[in-house]
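One structure is given below, encoded as structure tokens.
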Amino acid sequence: MSVRAIVLAAGKGTRMKCELPKLLHTVAGRPIIATLIDEVMRAGVDDVTVVVGHESDAVASVLPESVRLVHQPEQLGTGHAAEVALEGIGDVSGDTVLVVPGDSPLFRAETLRRLLDAHRPPATLLTVELADPTGYGRVLRDGDSVVGIVEEADADDDQRSIHEVAVSTYTFDGSALSAALSRLTTDNAQSEKYLTDVIGILTESGPVGAMLADDPTEGLQVNSHDQLAMVDGAVRMRINQRLMEGGVWMQDPATTYVDATATVEPGVRLYAGAHIEGSSVVESGATIGPQTFLLDSRIGSGSRVWYSVVRGAEVGANVDVGPYASLRPGTILGDGSKAGTFVEIKEATVGEGAKVPHLSYIGDAEIGARSNLGAGTITCNYDGFRKHRTVIGADVFVGSDTMLVAPVELGDGSYTGAGSVITRDVSPGSLAVERSAQKEIPGYADRRARLREAEDE
Amino acid sequence: MSVRAIVLAAGKGTRMKCELPKLLHTVAGRPIIATLIDEVMRAGVDDVTVVVGHESDAVASVLPESVRLVHQPEQLGTGHAAEVALEGIGDVSGDTVLVVPGDSPLFRAETLRRLLDAHRPPATLLTVELADPTGYGRVLRDGDSVVGIVEEADADDDQRSIHEVAVSTYTFDGSALSAALSRLTTDNAQSEKYLTDVIGILTESGPVGAMLADDPTEGLQVNSHDQLAMVDGAVRMRINQRLMEGGVWMQDPATTYVDATATVEPGVRLYAGAHIEGSSVVESGATIGPQTFLLDSRIGSGSRVWYSVVRGAEVGANVDVGPYASLRPGTILGDGSKAGTFVEIKEATVGEGAKVPHLSYIGDAEIGARSNLGAGTITCNYDGFRKHRTVIGADVFVGSDTMLVAPVELGDGSYTGAGSVITRDVSPGSLAVERSAQKEIPGYADRRARLREAEDE
Amino acid sequence: MSVRAIVLAAGKGTRMKCELPKLLHTVAGRPIIATLIDEVMRAGVDDVTVVVGHESDAVASVLPESVRLVHQPEQLGTGHAAEVALEGIGDVSGDTVLVVPGDSPLFRAETLRRLLDAHRPPATLLTVELADPTGYGRVLRDGDSVVGIVEEADADDDQRSIHEVAVSTYTFDGSALSAALSRLTTDNAQSEKYLTDVIGILTESGPVGAMLADDPTEGLQVNSHDQLAMVDGAVRMRINQRLMEGGVWMQDPATTYVDATATVEPGVRLYAGAHIEGSSVVESGATIGPQTFLLDSRIGSGSRVWYSVVRGAEVGANVDVGPYASLRPGTILGDGSKAGTFVEIKEATVGEGAKVPHLSYIGDAEIGARSNLGAGTITCNYDGFRKHRTVIGADVFVGSDTMLVAPVELGDGSYTGAGSVITRDVSPGSLAVERSAQKEIPGYADRRARLREAEDE
């Protein structure tokens, strides 16, 4: 006997008035469907079948390889989708089958596990209690057993006052499911086969089980952008809660956005407006924000990154970044280094203790340890056709507003004069300067003033 | 028979401990009074009279031209204000008159319309049910009819337990209103005529109607900054809800600020901290934010604007803006162009596919298609007296740190060398360069070190 | 008879899975323990004793000097801590003693004052009513008197349904406290002396008093980062509420972060994401934000600071700062001056009406009135060893991309040419320029294209 899961993702590809298929919208940085399947797997189910429809390629691209994909060519209802799934799986008699809708990213592994543990033949429903159950099918109980589900339209007043509702999530004995599915008809307004009717069929022969989820939001399905925002907020709040309990300080959890795929270690401080996305790792003792965007980056212990945008960068320990820095992919900042204010860096290594404090663009470069780059330093890495590299040695002092026309190399301990355009390599310990003599034109202000008066007349 | 509205805005000019008159504070970017009048008009009432007091000019300046303004020279109460309004309107016998307080920006057109539809002679009150009605006048009903309003102070225990309260909003038969107003006295502590007393007078001759609003917040009046913040938040959340239902993705609706006057198309993505203000239009497929401010700007489809401030700009399709760009009025960015990091642009046209990627100030300029401006490019548009224009042709390559001393023109396909100050026009296809020879002073580092040691001794 | 307070801070030094001692975490910018003691003092208690344990030095460093510190060398329970406190204070017979836990920063002075006023011999408990009292000791009352506290584990069903719970905060007659403390034993699982047992001892001889706090959150103790975030949010919301009632406009109070130590005057406008920290003062009529960080800075009336980071700066009246400016310590901006976009200033005075509009780094400098600095102006203040000063007179026009190699001085009314490196002083009224002749190489584009084709072959 084994446990199998069927995730109904076909007919869930509906657009929410925008181009992206619904199941590919993300919650906490991961597609809805991937979020759900992660919880299903964490619940201990390894055999997962996803029934996909029109959007099959797009959906498949975000799923783990171990997932079995089956294709439902026509949208003939959830019951038909389950039939298609069973065809793909093969014989399930003797198995327990968990069926979950693909657009319910709030299910917790713990809840699905509890449902599996609570399973009793032939089937068990997951239910929630809603303050306002209007529109949902009410669960009719006889003690621990469910004797039926009654739709809003068919409910009498007593039944309408029931707050326990079903959330399209079930466990089945495999053989009972197969048998019941074969009895489904399309004898309804939509001409579709409904999985809910299976419960009706099963309760004809006796009661089924039900398990009430602790958290009424778990069954929420995403059908519109406002629901997506709510669900995304709920998942983010779970992540933040878990991080805070683990020792992460947050100035304002409500405006802290940590992807499910990112790592934030205990002892990190996150100020308001921190976005920690993708595969980012923030090490213990680092401070992020306010208002900082990290994507696929690592920030070392003791570093502070604030009012900055950082993508694909490696930031060492005790590094100062910002305010107002942009670190782009390929940036590596050594321990104790600095990327200060109005500084953009890409595809460049900044050595230990080296500083790029202000108003600089550094691209395709290597900067040695302890070097200091003056304000306005620019690596002229692009000649209109190709990108070229700049190499700056250790202990170099680059004067303000130095243009480094790549390919070019500044030797260890060398200097450049402010405002110089450096087109040729500089030897270690030398000063390179490109500059004319400063000339003074006395009385210039007076002349200009007279000229201006003349013009105005 | 026609429907007329009277908006009581006199005596509502109270300051909330700051200089701006109360009714001119904004909700979702529009003055409180303008927000309310828009709803009144959307409810189908074209004949709107606003009673203004001390702040009449300021209030008048934000109202539609079609509104009739009447001036209440002295603050003699809401009843007196209604009298003054009727004098301004003329004969209202046979009309239905809607009376609304001017500082209630949360009323929805739908609710006011429902109130008008529910109107029955001689008058109908709008009511709400409050969880905590303390301090409000309770509505005494006999079935569908109102037999009186009892103030908190005069209420017995039974009456105090009533949660339905009046919100100073009514429909009246015009003739009944006129007649009752003429019977008002100033026989009270404030020596003012109160409109609420009209209901007392009318209920003497028989019951009046009442209509309960669905949303208890609708009647909220703004009397302090914390109420203003709450009301502003409620209006913004309505806007966001409507946008999300229409297909707009929002990372965090709670920190997304869209003015009532702005347009955001379906399929737009708004990240946390997006401010969309004034007459801004964001086209389908554009992505805004995080942390981006748009004022009176248009952003084309497929464009991304993030961590940037954009005012009075036209951004075409598939344009990259930011992080950390400032686009000021008169900026026009062509399709596929780029205004990157630490880039400020004003009164300038950037051609299709042209790029201003880093650390540049472009003002009063025209940039042709496909041109590329190196980091540190500056248009020197100001000579201390006047602004001058810079014209850059198509396919131009501007070297890093080029100063373009306007007026100046770079011909199509021309180049400038890094660090050049360009004061004269450059012919098409030419390279212009302003630069001295690079000199090297060997042993400079050693000499400095020795000098420093000497100083330190 | 006098009133004394004992604050139990020993054993409260627990780390919350991060390095900082718990009581030193801040709410609204002040350490938890300092926040509480400020409220105790504002309640009218001048004689405050704090019992500290392991973290004594760290805790002591954030307390007012008037506070008496006593050291509890071993963690033997809250009862023992009170004993140690009494040893430090001396004779308290005839005094009223308020005992408060050190990790409860939400107590209001008003509530503590009301507790002291409600004190009746021999003791009075502060209580709150919780919607969910699970886990707390329930307060057993006989009318106004408390006859006992029963712990969750020992409570029967009737007692469990009580929602009034104790929050470890009491007033005692000094002599009754001393006597009861001497009867405490360590006869329990933790082998500690518990202060709560004092209430048990006292109620043996007769009832004690109780006072219910209005706000159930006041007694909240901080034991984890999620509680800290909640408590911090609550304190910030109190500050914001108070400011708004006083006439401060806030776009979004939920994302406005004002330290308890900062001053925001009526008539200020704070946009979303304003952080006002430390000793900052924002004067009436100033506008801050969106997204602006102020630390220890003063912003004058009529000034606007937006999308900027400002630390240790004095900003005069009617000054424009940002978007995207960084003002660092020692910055003084005169009335009517401007620090614009991508501008960093430190240790510098900008005169009245002077402007630094774009892309500049100004450090260790003085700028006279009405001077205008072109985009790209940089003070080269650092020669690799020392910082030097730049002095710019009044009415100076600094051309774009001027490097001012300090020490250097520009006389009143002088000019510099764009792109110049200025190494020597400039006389008043003169134009200084450092530049070569502009050369043109015709046909350059064609040659490059041919070269490139050759390479590609």
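Letters for chains follow the order of the structure tokens (A, B, ...), residue numbers begin at 1 for each chain, and ligand numbers begin at 1 in the order shown.
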Cut-off 8 Å: closest chain C/chain A atom pairs per residue, using only C-alpha atoms, as a Markdown table:
| residue | atom | partner | partner_atom | distance |
| --- | --- | --- | --- | --- |
| C:Met16 | CA | A:Gly247 | CA | 5.9 |
| C:Lys17 | CA | A:Gly247 | CA | 4.5 |
| C:Cys18 | CA | A:Gly267 | CA | 4.5 |
| C:Glu19 | CA | A:Gly267 | CA | 6.7 |
| C:Ser224 | CA | A:Glu245 | CA | 6.3 |
| C:His225 | CA | A:Met244 | CA | 4.9 |
| C:Asp226 | CA | A:Met244 | CA | 5.3 |
| C:Ala229 | CA | A:Gln251 | CA | 6.4 |
| C:Asp232 | CA | A:Gln251 | CA | 8.0 |
| C:Gly233 | CA | A:Asp252 | CA | 7.4 |
| C:Gln291 | CA | A:Gln291 | CA | 8.0 |
| C:Val309 | CA | A:Pro323 | CA | 7.3 |
| C:Tyr324 | CA | A:Tyr324 | CA | 7.5 |
| C:Ser326 | CA | A:Pro323 | CA | 7.4 |
| C:Phe342 | CA | A:Phe342 | CA | 6.5 |
| C:Glu344 | CA | A:Thr341 | CA | 7.4 |
| C:Leu359 | CA | A:Leu359 | CA | 7.3 |
| C:Ser360 | CA | A:Leu359 | CA | 7.7 |
| C:Tyr361 | CA | A:Ala375 | CA | 7.0 |
| C:Gly376 | CA | A:Gly376 | CA | 7.7 |
| C:Ile378 | CA | A:Ala375 | CA | 7.0 |
| C:Cys380 | CA | A:Ser400 | CA | 6.3 |
| C:Gly384 | CA | A:Phe397 | CA | 6.7 |
| C:Met403 | CA | A:Gly419 | CA | 6.8 |
| C:Val405 | CA | A:Ala418 | CA | 7.7 |
| C:Gly413 | CA | A:Ala445 | CA | 6.6 |
| C:Ser414 | CA | A:Ala445 | CA | 6.6 |
| C:Tyr415 | CA | A:Ala445 | CA | 7.3 |
| C:Gly419 | CA | A:Gly419 | CA | 7.8 |
| C:Ser420 | CA | A:Gly419 | CA | 7.7 |
| C:Val421 | CA | A:Gly419 | CA | 6.2 |
| C:Ile422 | CA | A:Gln438 | CA | 6.8 |
| C:Thr423 | CA | A:Gln438 | CA | 7.6 |
| C:Arg424 | CA | A:Gln438 | CA | 7.8 |
| C:Val426 | CA | A:Glu440 | CA | 7.4 |
| C:Ser427 | CA | A:Pro442 | CA | 7.5 |
| C:Gly429 | CA | A:Ala445 | CA | 4.8 |
| C:Ser430 | CA | A:Pro442 | CA | 4.3 |
| C:Leu431 | CA | A:Ile441 | CA | 5.0 |
| C:Ala432 | CA | A:Glu440 | CA | 4.4 |
| C:Val433 | CA | A:Lys439 | CA | 5.4 |
| C:Glu434 | CA | A:Gln438 | CA | 4.4 |
| C:Arg435 | CA | A:Ser436 | CA | 5.7 |
| C:Ser436 | CA | A:Ser436 | CA | 6.2 |
(message) Pairing every C-alpha atom in order, fit chain B onto chain A and give me the RMSD in Å.
(response) 0.1 Å
Just the residues within 10 Å of Asp197 (chain B), please, counting only C-alpha atoms, with nothing from its chain fewer than 6 positions along; format it as a PDB file with all heavy atoms, in the first residue's frame.
ATOM      1  N   THR B  78     -26.047  74.194  10.244  1.00  0.00           N
ATOM      2  CA  THR B  78     -26.348  73.429   9.031  1.00  0.00           C
ATOM      3  C   THR B  78     -27.745  73.740   8.512  1.00  0.00           C
ATOM      4  O   THR B  78     -27.984  73.713   7.302  1.00  0.00           O
ATOM      5  CB  THR B  78     -26.241  71.919   9.323  1.00  0.00           C
ATOM      6  OG1 THR B  78     -26.981  71.631  10.527  1.00  0.00           O
ATOM      7  CG2 THR B  78     -24.791  71.508   9.534  1.00  0.00           C
ATOM      8  N   GLY B  79     -28.655  74.055   9.414  1.00  0.00           N
ATOM      9  CA  GLY B  79     -30.003  74.399   8.969  1.00  0.00           C
ATOM     10  C   GLY B  79     -29.984  75.705   8.195  1.00  0.00           C
ATOM     11  O   GLY B  79     -30.597  75.829   7.123  1.00  0.00           O
ATOM     12  N   ILE B 149     -35.000  60.736  16.113  1.00  0.00           N
ATOM     13  CA  ILE B 149     -33.580  60.514  16.380  1.00  0.00           C
ATOM     14  C   ILE B 149     -33.363  61.014  17.789  1.00  0.00           C
ATOM     15  O   ILE B 149     -33.764  62.129  18.123  1.00  0.00           O
ATOM     16  CB  ILE B 149     -32.689  61.306  15.413  1.00  0.00           C
ATOM     17  CG1 ILE B 149     -32.977  60.906  13.961  1.00  0.00           C
ATOM     18  CG2 ILE B 149     -31.222  61.106  15.744  1.00  0.00           C
ATOM     19  CD1 ILE B 149     -32.178  61.695  12.950  1.00  0.00           C
ATOM     20  N   ALA B 180     -40.112  73.122   6.665  1.00  0.00           N
ATOM     21  CA  ALA B 180     -39.527  72.779   7.963  1.00  0.00           C
ATOM     22  C   ALA B 180     -38.391  73.735   8.313  1.00  0.00           C
ATOM     23  O   ALA B 180     -38.231  74.125   9.478  1.00  0.00           O
ATOM     24  CB  ALA B 180     -39.035  71.337   7.953  1.00  0.00           C
ATOM     25  N   LEU B 181     -37.579  74.120   7.318  1.00  0.00           N
ATOM     26  CA  LEU B 181     -36.470  75.034   7.592  1.00  0.00           C
ATOM     27  C   LEU B 181     -36.983  76.340   8.169  1.00  0.00           C
ATOM     28  O   LEU B 181     -36.369  76.935   9.058  1.00  0.00           O
ATOM     29  CB  LEU B 181     -35.669  75.320   6.302  1.00  0.00           C
ATOM     30  CG  LEU B 181     -34.732  74.207   5.817  1.00  0.00           C
ATOM     31  CD1 LEU B 181     -34.119  74.593   4.475  1.00  0.00           C
ATOM     32  CD2 LEU B 181     -33.627  73.922   6.834  1.00  0.00           C
ATOM     33  N   ARG B 183     -39.278  76.798  10.079  1.00  0.00           N
ATOM     34  CA  ARG B 183     -39.704  76.651  11.471  1.00  0.00           C
ATOM     35  C   ARG B 183     -38.533  76.459  12.432  1.00  0.00           C
ATOM     36  O   ARG B 183     -38.731  76.385  13.653  1.00  0.00           O
ATOM     37  CB  ARG B 183     -40.672  75.467  11.599  1.00  0.00           C
ATOM     38  CG  ARG B 183     -42.039  75.739  10.954  1.00  0.00           C
ATOM     39  CD  ARG B 183     -42.924  74.520  11.027  1.00  0.00           C
ATOM     40  NE  ARG B 183     -43.043  74.019  12.393  1.00  0.00           N
ATOM     41  CZ  ARG B 183     -43.456  72.790  12.700  1.00  0.00           C
ATOM     42  NH1 ARG B 183     -43.798  71.946  11.752  1.00  0.00           N
ATOM     43  NH2 ARG B 183     -43.531  72.417  13.967  1.00  0.00           N
ATOM     44  N   LEU B 184     -37.277  76.361  11.890  1.00  0.00           N
ATOM     45  CA  LEU B 184     -36.105  76.151  12.764  1.00  0.00           C
ATOM     46  C   LEU B 184     -35.848  77.378  13.631  1.00  0.00           C
ATOM     47  O   LEU B 184     -36.066  78.510  13.206  1.00  0.00           O
ATOM     48  CB  LEU B 184     -34.843  75.900  11.931  1.00  0.00           C
ATOM     49  CG  LEU B 184     -34.673  74.533  11.273  1.00  0.00           C
ATOM     50  CD1 LEU B 184     -33.332  74.489  10.566  1.00  0.00           C
ATOM     51  CD2 LEU B 184     -34.774  73.418  12.296  1.00  0.00           C
ATOM     52  N   THR B 185     -35.380  77.149  14.832  1.00  0.00           N
ATOM     53  CA  THR B 185     -35.005  78.258  15.712  1.00  0.00           C
ATOM     54  C   THR B 185     -33.542  78.093  16.122  1.00  0.00           C
ATOM     55  O   THR B 185     -32.935  77.056  15.884  1.00  0.00           O
ATOM     56  CB  THR B 185     -35.845  78.261  16.999  1.00  0.00           C
ATOM     57  OG1 THR B 185     -35.508  77.081  17.759  1.00  0.00           O
ATOM     58  CG2 THR B 185     -37.326  78.243  16.686  1.00  0.00           C
ATOM     59  N   THR B 203     -41.029  64.543  11.773  1.00  0.00           N
ATOM     60  CA  THR B 203     -41.600  63.360  12.437  1.00  0.00           C
ATOM     61  C   THR B 203     -42.766  63.730  13.344  1.00  0.00           C
ATOM     62  O   THR B 203     -43.541  62.857  13.738  1.00  0.00           O
ATOM     63  CB  THR B 203     -40.537  62.579  13.245  1.00  0.00           C
ATOM     64  OG1 THR B 203     -39.852  63.493  14.105  1.00  0.00           O
ATOM     65  CG2 THR B 203     -39.552  61.878  12.341  1.00  0.00           C
TER      66      THR B 203
END
(request) Could you find all residues in region 218-445 of chain A that DSSP calls strand (DSSP E or B) from the backbone, and write them as a PyMOL selection string? (result) chain A and resi 249-250+257-258+263-264+269-270+274-277+281-282+287-288+292-295+298-299+304-305+309-311+314-315+320-321+325-327+331-333+338-350+355-367+372-373+378-380+382+387+390-392+397-398+403-405+408-410+415-416+421-422+426+431-434+438-441
(request) Run DSSP on the backbone and give me the residues of region 9-133 of chain B it puts in helix (DSSP H, G or I), as a PyMOL selection string. (result) chain B and resi 22-24+32-42+56-60+78-89+109-118
(message) When you look at Thr379 (chain B) with a cut-off of 8 Å (counting only C-alpha atoms), what residues show up, excluding the ones that are within fewer than 4 positions of it in the same chain? I need them as an MDAnalysis selection string.
(response) chainID B and resid 361:365 390 403:406
Selected residues written out with N, CA and C atoms, as a JSON list (two decimals), in the first residue's frame:
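What landed in again31.json:
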[["chain", "number", "residue", "atom", "x", "y", "z"],
["B", 361, "TYR", "N", 23.61, 63.35, -16.68],
["B", 361, "TYR", "CA", 22.59, 64.40, -16.60],
["B", 361, "TYR", "C", 22.32, 64.91, -18.01],
["B", 362, "ILE", "N", 21.09, 64.70, -18.47],
["B", 362, "ILE", "CA", 20.71, 65.10, -19.82],
["B", 362, "ILE", "C", 19.56, 66.10, -19.70],
["B", 363, "GLY", "N", 19.84, 67.33, -20.10],
["B", 363, "GLY", "CA", 18.79, 68.35, -20.03],
["B", 363, "GLY", "C", 18.75, 69.15, -21.31],
["B", 364, "ASP", "N", 17.54, 69.48, -21.77],
["B", 364, "ASP", "CA", 17.37, 70.30, -22.97],
["B", 364, "ASP", "C", 18.11, 69.69, -24.15],
["B", 365, "ALA", "N", 17.77, 68.46, -24.46],
["B", 365, "ALA", "CA", 18.55, 67.74, -25.48],
["B", 365, "ALA", "C", 17.66, 66.87, -26.34],
["B", 390, "THR", "N", 21.23, 70.73, -26.67],
["B", 390, "THR", "CA", 22.22, 69.80, -27.22],
["B", 390, "THR", "C", 21.49, 68.88, -28.19],
["B", 403, "MET", "N", 31.62, 66.09, -21.76],
["B", 403, "MET", "CA", 30.84, 67.28, -21.46],
["B", 403, "MET", "C", 30.38, 67.88, -22.77],
["B", 404, "LEU", "N", 29.07, 68.04, -22.92],
["B", 404, "LEU", "CA", 28.53, 68.61, -24.14],
["B", 404, "LEU", "C", 28.10, 70.04, -23.83],
["B", 405, "VAL", "N", 28.97, 70.99, -24.19],
["B", 405, "VAL", "CA", 28.71, 72.38, -23.83],
["B", 405, "VAL", "C", 27.74, 72.99, -24.84],
["B", 406, "ALA", "N", 26.50, 73.13, -24.43],
["B", 406, "ALA", "CA", 25.45, 73.58, -25.34],
["B", 406, "ALA", "C", 25.54, 75.08, -25.58]]
(request) Counting only C-alpha atoms, figure out which residue out of A:Gln75, A:Thr416, A:Thr256, A:Asn223 gets nearest to Arg236 (chain A). (result) A:Thr256
